[in-house]
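Coordinates from run-v1.tsv are shown below (TSV, C-alpha atoms).
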chain	number	residue	atom	x	y	z
D	13	MET	CA	132.54	122.20	57.62
D	14	THR	CA	131.00	118.86	56.66
D	15	LYS	CA	127.70	118.11	54.92
D	16	LYS	CA	125.28	115.32	55.81
D	17	ILE	CA	121.60	114.44	55.40
D	18	ILE	CA	119.78	113.96	58.71
D	19	TYR	CA	116.29	113.71	60.15
D	20	LEU	CA	114.83	117.01	61.28
D	21	PRO	CA	113.94	116.75	64.97
D	22	LEU	CA	110.77	118.08	66.57
D	23	PHE	CA	108.48	116.60	63.92
D	24	SER	CA	106.21	113.84	65.18
D	25	TRP	CA	104.60	112.35	62.03
D	26	PHE	CA	101.83	112.98	59.52
D	27	TYR	CA	99.60	110.01	60.24
D	28	TYR	CA	96.61	111.32	62.26
D	29	SER	CA	98.65	114.17	63.73
D	30	ILE	CA	98.35	117.96	63.72
D	31	HIS	CA	100.57	117.96	60.62
D	32	SER	CA	98.29	115.84	58.44
D	33	PHE	CA	95.99	117.32	55.81
D	34	ASP	CA	92.94	118.67	57.65
D	35	TYR	CA	90.19	116.84	55.78
D	36	ASP	CA	87.59	117.71	58.44
D	37	TYR	CA	88.23	121.41	57.86
D	38	ILE	CA	87.69	120.95	54.12
D	39	ILE	CA	84.37	119.19	54.75
D	40	GLU	CA	83.36	122.11	56.98
D	41	MET	CA	84.19	124.46	54.10
D	42	PHE	CA	82.21	122.22	51.76
D	43	SER	CA	79.23	122.32	54.09
D	44	SER	CA	79.47	126.11	54.41
D	45	ASP	CA	79.64	126.51	50.63
D	46	ILE	CA	76.54	124.36	50.27
D	47	THR	CA	74.68	126.54	52.75
D	48	CYS	CA	75.83	129.77	51.08
D	49	GLU	CA	75.70	128.29	47.56
D	50	GLU	CA	79.30	129.21	46.85
D	51	TRP	CA	82.25	127.61	44.99
D	52	PHE	CA	82.17	123.97	46.15
D	53	TYR	CA	78.40	123.95	45.81
D	54	LEU	CA	78.38	125.49	42.33
D	55	ASN	CA	80.33	122.56	40.91
D	56	LEU	CA	77.65	120.03	41.88
D	57	SER	CA	75.12	118.64	39.46
D	58	ASP	CA	71.56	119.95	39.75
D	59	GLU	CA	70.49	116.64	41.29
D	60	ASP	CA	73.24	116.70	43.92
D	61	LYS	CA	72.52	120.33	44.74
D	62	LYS	CA	69.01	119.32	45.75
D	63	LEU	CA	70.34	116.55	47.98
D	64	ALA	CA	73.36	118.32	49.47
D	65	LYS	CA	71.68	120.58	52.01
D	66	ASP	CA	70.15	117.68	53.94
D	67	LEU	CA	73.24	115.45	54.17
D	68	ASP	CA	75.06	114.52	57.39
D	69	TYR	CA	78.87	114.52	57.73
D	70	SER	CA	79.39	111.02	56.37
D	71	ASP	CA	77.25	111.62	53.31
D	72	LEU	CA	78.85	115.02	52.77
D	73	SER	CA	82.25	113.33	52.72
D	74	ASP	CA	81.04	110.86	50.12
D	75	LEU	CA	79.64	113.69	48.00
D	76	PHE	CA	82.85	115.69	48.28
D	77	ASP	CA	84.94	112.66	47.28
D	78	LYS	CA	82.67	112.16	44.27
D	79	TYR	CA	83.62	115.58	42.89
D	80	TYR	CA	87.02	116.41	44.30
D	81	ASP	CA	90.45	114.86	44.53
D	82	ILE	CA	93.08	115.76	47.16
D	83	ASP	CA	96.78	115.58	46.35
D	84	TYR	CA	98.04	114.38	49.72
D	85	GLU	CA	101.54	113.67	48.39
D	86	GLU	CA	102.06	117.21	47.14
D	87	TYR	CA	100.66	118.57	50.41
D	88	ASP	CA	103.13	116.48	52.44
D	89	ILE	CA	106.10	117.66	50.36
D	90	ASP	CA	105.12	121.33	50.57
D	91	TYR	CA	104.38	121.02	54.27
D	92	CYS	CA	107.83	119.51	54.96
D	93	SER	CA	109.54	122.30	53.07
D	94	GLU	CA	107.57	124.99	54.90
D	95	TYR	CA	108.09	123.24	58.24
D	96	LEU	CA	111.84	123.38	57.72
D	97	GLU	CA	111.59	127.08	56.91
D	98	ALA	CA	109.65	127.67	60.14
D	99	PHE	CA	112.26	125.62	62.02
D	100	LYS	CA	115.10	127.62	60.46
D	101	LYS	CA	113.43	130.91	61.33
D	102	GLU	CA	113.14	129.77	64.94
D	103	PHE	CA	116.55	128.13	65.43
D	104	SER	CA	119.03	128.52	62.55
D	105	GLU	CA	120.83	131.61	63.85
D	106	ASN	CA	121.39	130.20	67.34
D	107	LEU	CA	122.22	126.70	66.09
D	108	LEU	CA	124.97	128.13	63.93
D	109	LYS	CA	126.21	130.44	66.67
D	110	ASP	CA	126.08	127.97	69.56
D	111	ILE	CA	126.85	124.55	68.07
D	112	TRP	CA	127.94	125.25	64.48
D	113	ILE	CA	125.22	123.33	62.70
D	114	GLU	CA	123.82	125.07	59.62
D	115	LEU	CA	120.40	124.01	58.34
D	116	LEU	CA	120.53	123.98	54.54
D	117	GLU	CA	117.56	122.57	52.64
D	118	TYR	CA	114.74	120.05	52.58
D	119	LYS	CA	115.64	116.89	50.64
D	120	TRP	CA	112.78	114.40	50.94
D	121	LEU	CA	110.13	112.84	53.17
D	122	SER	CA	110.56	109.21	54.20
D	123	SER	CA	107.48	107.32	55.39
D	124	PRO	CA	107.24	103.72	56.61
D	125	THR	CA	104.97	101.13	55.07
D	126	TYR	CA	103.72	100.39	58.58
D	127	TYR	CA	103.85	102.68	61.60
D	128	ASN	CA	104.42	99.95	64.19
D	129	PHE	CA	108.19	100.44	64.40
D	130	ASP	CA	108.94	103.68	62.56
D	131	THR	CA	107.39	107.01	61.63
D	132	ASP	CA	107.61	109.83	59.08
D	133	HIS	CA	110.92	111.69	58.83
D	134	ILE	CA	111.77	115.00	57.19
D	135	ASN	CA	115.23	114.56	55.64
D	136	ILE	CA	117.30	117.72	55.44
D	137	GLU	CA	120.86	118.63	54.54
D	138	VAL	CA	123.10	120.29	57.13
D	139	ASN	CA	126.59	121.72	57.35
D	140	TYR	CA	128.41	121.15	60.60
D	141	ASN	CA	131.74	121.71	62.32
D	142	ILE	CA	132.78	118.58	64.22
D	143	LYS	CA	135.24	120.29	66.57
D	144	LYS	CA	132.81	123.05	67.50
D	145	ILE	CA	130.03	120.53	68.21
D	146	LYS	CA	132.32	118.48	70.45
D	147	GLN	CA	133.22	121.59	72.39
D	148	TYR	CA	129.52	122.39	72.83
D	149	LEU	CA	128.89	118.88	74.14
D	150	LEU	CA	131.85	119.11	76.52
D	151	ASN	CA	130.45	122.38	77.83
D	152	ASN	CA	127.14	120.60	78.48
D	153	LYS	CA	128.55	117.22	79.49
D	154	GLU	CA	126.29	116.50	82.45
D	155	ALA	CA	123.03	117.37	80.73
D	156	PHE	CA	123.95	115.63	77.49
D	157	SER	CA	125.10	112.52	79.34
D	158	GLU	CA	121.63	112.30	80.89
D	159	TYR	CA	120.06	112.86	77.47
D	160	ILE	CA	121.90	110.01	75.70
D	161	LEU	CA	121.47	107.70	78.68
D	162	LYS	CA	117.74	108.04	78.19
D	163	ALA	CA	117.73	108.17	74.38
D	164	ASN	CA	120.27	105.40	73.71
D	165	THR	CA	119.45	102.80	76.33
D	166	SER	CA	117.55	99.72	75.15
D	167	TYR	CA	114.45	98.50	76.95
D	168	ASP	CA	111.65	96.04	76.32
D	169	GLY	CA	110.24	96.87	72.89
D	170	PHE	CA	113.06	99.28	71.96
D	171	SER	CA	116.58	98.52	70.72
D	172	ALA	CA	118.94	101.48	70.99
D	173	TYR	CA	121.31	102.09	68.10
D	174	GLY	CA	123.92	104.47	69.45
D	175	THR	CA	126.12	104.57	72.52
D	176	ASN	CA	124.83	105.99	75.80
D	177	VAL	CA	128.36	106.69	77.10
D	178	PHE	CA	129.43	110.31	76.72
D	179	GLU	CA	133.13	109.59	76.20
D	180	GLU	CA	132.37	107.14	73.40
D	181	TYR	CA	129.91	109.57	71.83
D	182	ILE	CA	132.45	112.34	71.31
D	183	SER	CA	135.55	110.20	70.72
D	184	LYS	CA	134.72	109.36	67.08
D	185	ASP	CA	136.16	111.26	64.12
D	186	ASP	CA	132.68	112.12	62.84
D	187	PHE	CA	129.05	111.98	63.93
D	188	GLU	CA	126.45	109.68	62.44
D	189	ALA	CA	123.37	111.32	60.93
D	190	PHE	CA	121.13	110.17	63.79
D	191	GLU	CA	123.62	111.62	66.29
D	192	LEU	CA	123.42	115.04	64.65
D	193	THR	CA	119.64	114.81	64.94
D	194	GLN	CA	120.03	113.93	68.62
D	195	ILE	CA	122.39	116.85	69.22
D	196	ILE	CA	119.94	119.33	67.67
D	197	ASP	CA	117.09	117.72	69.60
D	198	PHE	CA	119.08	118.07	72.83
D	199	TYR	CA	119.80	121.71	72.05
D	200	ILE	CA	116.08	122.38	71.57
D	201	GLU	CA	115.19	120.49	74.77
D	202	GLU	CA	117.56	122.71	76.72
D	203	TYR	CA	116.09	125.79	75.07
D	204	ALA	CA	112.54	124.60	75.83
D	205	LYS	CA	113.36	124.58	79.54
D	206	THR	CA	113.72	128.36	79.40
D	207	ILE	CA	110.30	129.09	77.87
D	208	ASP	CA	106.67	128.24	78.53
D	209	GLU	CA	105.68	127.22	75.02
D	210	ASP	CA	104.99	124.11	72.95
D	211	ILE	CA	107.63	124.52	70.24
D	212	GLU	CA	106.31	121.88	67.84
D	213	LEU	CA	102.83	123.42	68.07
D	214	LYS	CA	104.32	126.85	67.35
D	215	LEU	CA	106.14	125.46	64.31
D	216	TYR	CA	102.88	123.86	63.16
D	217	TYR	CA	101.03	127.19	63.32
D	218	ASN	CA	103.85	129.05	61.56
D	219	THR	CA	103.90	126.39	58.84
D	220	SER	CA	100.14	126.30	58.41
D	221	ASP	CA	100.10	130.06	57.84
D	222	ASN	CA	101.86	129.38	54.52
D	223	ILE	CA	99.89	126.30	53.48
D	224	TYR	CA	96.50	126.70	51.76
D	225	LEU	CA	94.56	123.45	51.77
D	226	THR	CA	92.43	124.38	48.77
D	227	ASP	CA	95.60	124.46	46.63
D	228	TYR	CA	95.65	120.65	46.84
D	229	ILE	CA	92.06	120.09	45.75
D	230	THR	CA	91.07	119.51	42.13
D	231	LEU	CA	87.68	119.02	40.55
D	232	ILE	CA	87.35	115.53	39.09
D	233	ASN	CA	83.68	115.71	38.00
D	234	ASN	CA	81.84	118.74	36.77
D	235	LYS	CA	78.19	119.60	37.08
D	236	ASP	CA	77.46	118.52	33.52
D	237	ASP	CA	78.64	114.92	34.09
Whole structure given in structure tokens:
Amino acid sequence: MTKKIIYLPLFSWFYYSIHSFDYDYIIEMFSSDITCEEWFYLNLSDEDKKLAKDLDYSDLSDLFDKYYDIDYEEYDIDYCSEYLEAFKKEFSENLLKDIWIELLEYKWLSSPTYYNFDTDHINIEVNYNIKKIKQYLLNNKEAFSEYILKANTSYDGFSAYGTNVFEEYISKDDFEAFELTQIIDFYIEEYAKTIDEDIELKLYYNTSDNIYLTDYITLINNKDD
């Protein structure tokens, strides 16, 4: 088997998506703590405690940011790692059995400077068997031909990178990293046709079950400041 680092499919992006840190939820917790005079509230100065209960959302956000810092970078890294684990739990056994791709480990998150032409990518390491994958594609030639015709055909505003011809796709000695991502993505698309479920949403929920937003919040001012 051969190792390569690829993009994990079925992950949209962090920027204003379901995967991003849920700041609104934290402000709701902050507001609740103010009402009940619990943890977030107890760290406020006496002056801010008097003001806090009458603040609207915008002012609450400003007050929260005055006292607390959020480690978004650490959250993103942990989320990516947990998302891969959720993905593996859902697909690793069948991926290995059906197309001989083994999901190994999370490597890093790559994010663009601007989101106009690219998006966030979870980079993972995989093991794969080239001959077994080619046989899987041959067994699904018609469906995969339609997939790459759509995925790898340029149009106005999009320049395709790979070939959209099936024979060219499987004739090479090895697959490019983006092609392995496409093959896994195709496999999941075919699987999705057999169920009535949003798979990315399911992976999000399974990931979020193991992510605790308060772990990424630190107190930057205390009530004596």
* Which residues, written as a ChimeraX atom specification, have at least one atom at most 12 Å from stretch 162-179 of chain D, with only C-alpha atoms counted and residues fewer than 5 positions away on the same chain left out? -> /D:128-130,146,149-150,152-157,184,187-195,197-198
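In this model, the gap between atom CA of D:Lys119 and atom CA of D:Glu209 comes to 28.3 Å.
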Sorted by chain and rising residue number, which residues of stretch 206-233 of chain D lie within 12 Å of stretch 102-107 of chain D, and what are their closest atom pairs and distances in Å to one decimal, counting all atoms listed in the file, as a tab-separated table?
residue	atom	partner	partner_atom	distance
D:Ile211	CA	D:Glu102	CA	9.3
D:Glu212	CA	D:Glu102	CA	10.8
D:Lys214	CA	D:Glu102	CA	9.6
D:Leu215	CA	D:Glu102	CA	8.2
D:Tyr216	CA	D:Glu102	CA	12.0
D:Asn218	CA	D:Glu102	CA	9.9
D:Thr219	CA	D:Glu102	CA	11.6
* Pairwise distance for atom CA of D:Ile142 and atom CA of D:Leu115, rounded to one decimal in Å -> 14.7 Å
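Here the question is which of D:Asn139, D:Ser220, D:Gln147, D:Thr131 gets nearest to D:Glu117 using all atoms listed in the file, and that residue is D:Asn139.
The shortest atom-to-atom distance to D:Glu59, with all atoms listed in the file taken into account, belongs to D:Leu75 out of D:Glu158, D:Tyr87, D:Leu75, D:Ile136.
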Near stretch 88-90 of chain D, within 12 Å and counting all atoms listed in the file, which residues show up once chain neighbours fewer than 3 positions away are dropped, as a CSV table (one decimal) with C-alpha atoms, in the coordinates of the input?
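Contents of result_39.csv, as written:
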chain,number,residue,atom,x,y,z
D,25,TRP,CA,104.6,112.4,62.0
D,26,PHE,CA,101.8,113.0,59.5
D,27,TYR,CA,99.6,110.0,60.2
D,31,HIS,CA,100.6,118.0,60.6
D,32,SER,CA,98.3,115.8,58.4
D,33,PHE,CA,96.0,117.3,55.8
D,34,ASP,CA,92.9,118.7,57.6
D,82,ILE,CA,93.1,115.8,47.2
D,83,ASP,CA,96.8,115.6,46.4
D,84,TYR,CA,98.0,114.4,49.7
D,85,GLU,CA,101.5,113.7,48.4
D,93,SER,CA,109.5,122.3,53.1
D,94,GLU,CA,107.6,125.0,54.9
D,95,TYR,CA,108.1,123.2,58.2
D,96,LEU,CA,111.8,123.4,57.7
D,97,GLU,CA,111.6,127.1,56.9
D,118,TYR,CA,114.7,120.0,52.6
D,119,LYS,CA,115.6,116.9,50.6
D,120,TRP,CA,112.8,114.4,50.9
D,121,LEU,CA,110.1,112.8,53.2
D,122,SER,CA,110.6,109.2,54.2
D,123,SER,CA,107.5,107.3,55.4
D,132,ASP,CA,107.6,109.8,59.1
D,133,HIS,CA,110.9,111.7,58.8
D,134,ILE,CA,111.8,115.0,57.2
D,135,ASN,CA,115.2,114.6,55.6
D,219,THR,CA,103.9,126.4,58.8
D,220,SER,CA,100.1,126.3,58.4
D,222,ASN,CA,101.9,129.4,54.5
D,223,ILE,CA,99.9,126.3,53.5
D,224,TYR,CA,96.5,126.7,51.8
D,225,LEU,CA,94.6,123.4,51.8
D,227,ASP,CA,95.6,124.5,46.6
D,228,TYR,CA,95.6,120.6,46.8
Using all atoms of stretch 196-215 of chain D listed in the file and a margin of 8 Å per side, can you give the axis-aligned box centre and edge lengths in Å to one decimal, as lines of an AutoDock Vina configuration file?
center_x = 111.4
center_y = 123.4
center_z = 71.9
size_x = 33.1
size_y = 27.4
size_z = 31.2
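Atom CA of D:Leu231 lies 17.9 Å from atom CA of D:Asp36.
Using only C-alpha atoms, the protein and nucleic acid residues lying no more than 12 Å from D:Tyr53, apart from those fewer than 3 places from it along its own chain, are Ile39, Met41, Phe42, Ser43, Ser44, Asp45, Ile46, Thr47, Cys48, Glu49, Glu50, Leu56, Ser57, Asp58, Glu59, Asp60, Lys61, Lys62, Leu63, Ala64, Lys65, Leu72, Leu75, Phe76, Tyr79, Tyr80, Leu231, Asn234 and Lys235 of chain D.
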Put those residues in a file: C-alpha atoms, as a PDB file, keeping the file's coordinate frame.
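The result, written out as out07.pdb:
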ATOM      1  CA  ILE D  39      84.370 119.190  54.750  1.00  0.00           C
ATOM      2  CA  MET D  41      84.190 124.460  54.100  1.00  0.00           C
ATOM      3  CA  PHE D  42      82.210 122.220  51.760  1.00  0.00           C
ATOM      4  CA  SER D  43      79.230 122.320  54.090  1.00  0.00           C
ATOM      5  CA  SER D  44      79.470 126.110  54.410  1.00  0.00           C
ATOM      6  CA  ASP D  45      79.640 126.510  50.630  1.00  0.00           C
ATOM      7  CA  ILE D  46      76.540 124.360  50.270  1.00  0.00           C
ATOM      8  CA  THR D  47      74.680 126.540  52.750  1.00  0.00           C
ATOM      9  CA  CYS D  48      75.830 129.770  51.080  1.00  0.00           C
ATOM     10  CA  GLU D  49      75.700 128.290  47.560  1.00  0.00           C
ATOM     11  CA  GLU D  50      79.300 129.210  46.850  1.00  0.00           C
ATOM     12  CA  LEU D  56      77.650 120.030  41.880  1.00  0.00           C
ATOM     13  CA  SER D  57      75.120 118.640  39.460  1.00  0.00           C
ATOM     14  CA  ASP D  58      71.560 119.950  39.750  1.00  0.00           C
ATOM     15  CA  GLU D  59      70.490 116.640  41.290  1.00  0.00           C
ATOM     16  CA  ASP D  60      73.240 116.700  43.920  1.00  0.00           C
ATOM     17  CA  LYS D  61      72.520 120.330  44.740  1.00  0.00           C
ATOM     18  CA  LYS D  62      69.010 119.320  45.750  1.00  0.00           C
ATOM     19  CA  LEU D  63      70.340 116.550  47.980  1.00  0.00           C
ATOM     20  CA  ALA D  64      73.360 118.320  49.470  1.00  0.00           C
ATOM     21  CA  LYS D  65      71.680 120.580  52.010  1.00  0.00           C
ATOM     22  CA  LEU D  72      78.850 115.020  52.770  1.00  0.00           C
ATOM     23  CA  LEU D  75      79.640 113.690  48.000  1.00  0.00           C
ATOM     24  CA  PHE D  76      82.850 115.690  48.280  1.00  0.00           C
ATOM     25  CA  TYR D  79      83.620 115.580  42.890  1.00  0.00           C
ATOM     26  CA  TYR D  80      87.020 116.410  44.300  1.00  0.00           C
ATOM     27  CA  LEU D 231      87.680 119.020  40.550  1.00  0.00           C
ATOM     28  CA  ASN D 234      81.840 118.740  36.770  1.00  0.00           C
ATOM     29  CA  LYS D 235      78.190 119.600  37.080  1.00  0.00           C
TER      30      LYS D 235
END
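In terms of minimum interatomic distance to D:Tyr140, D:Ile196 ranks closest within D:Phe99, D:Tyr19, D:Ile196, D:Ile182, counting all atoms listed in the file.
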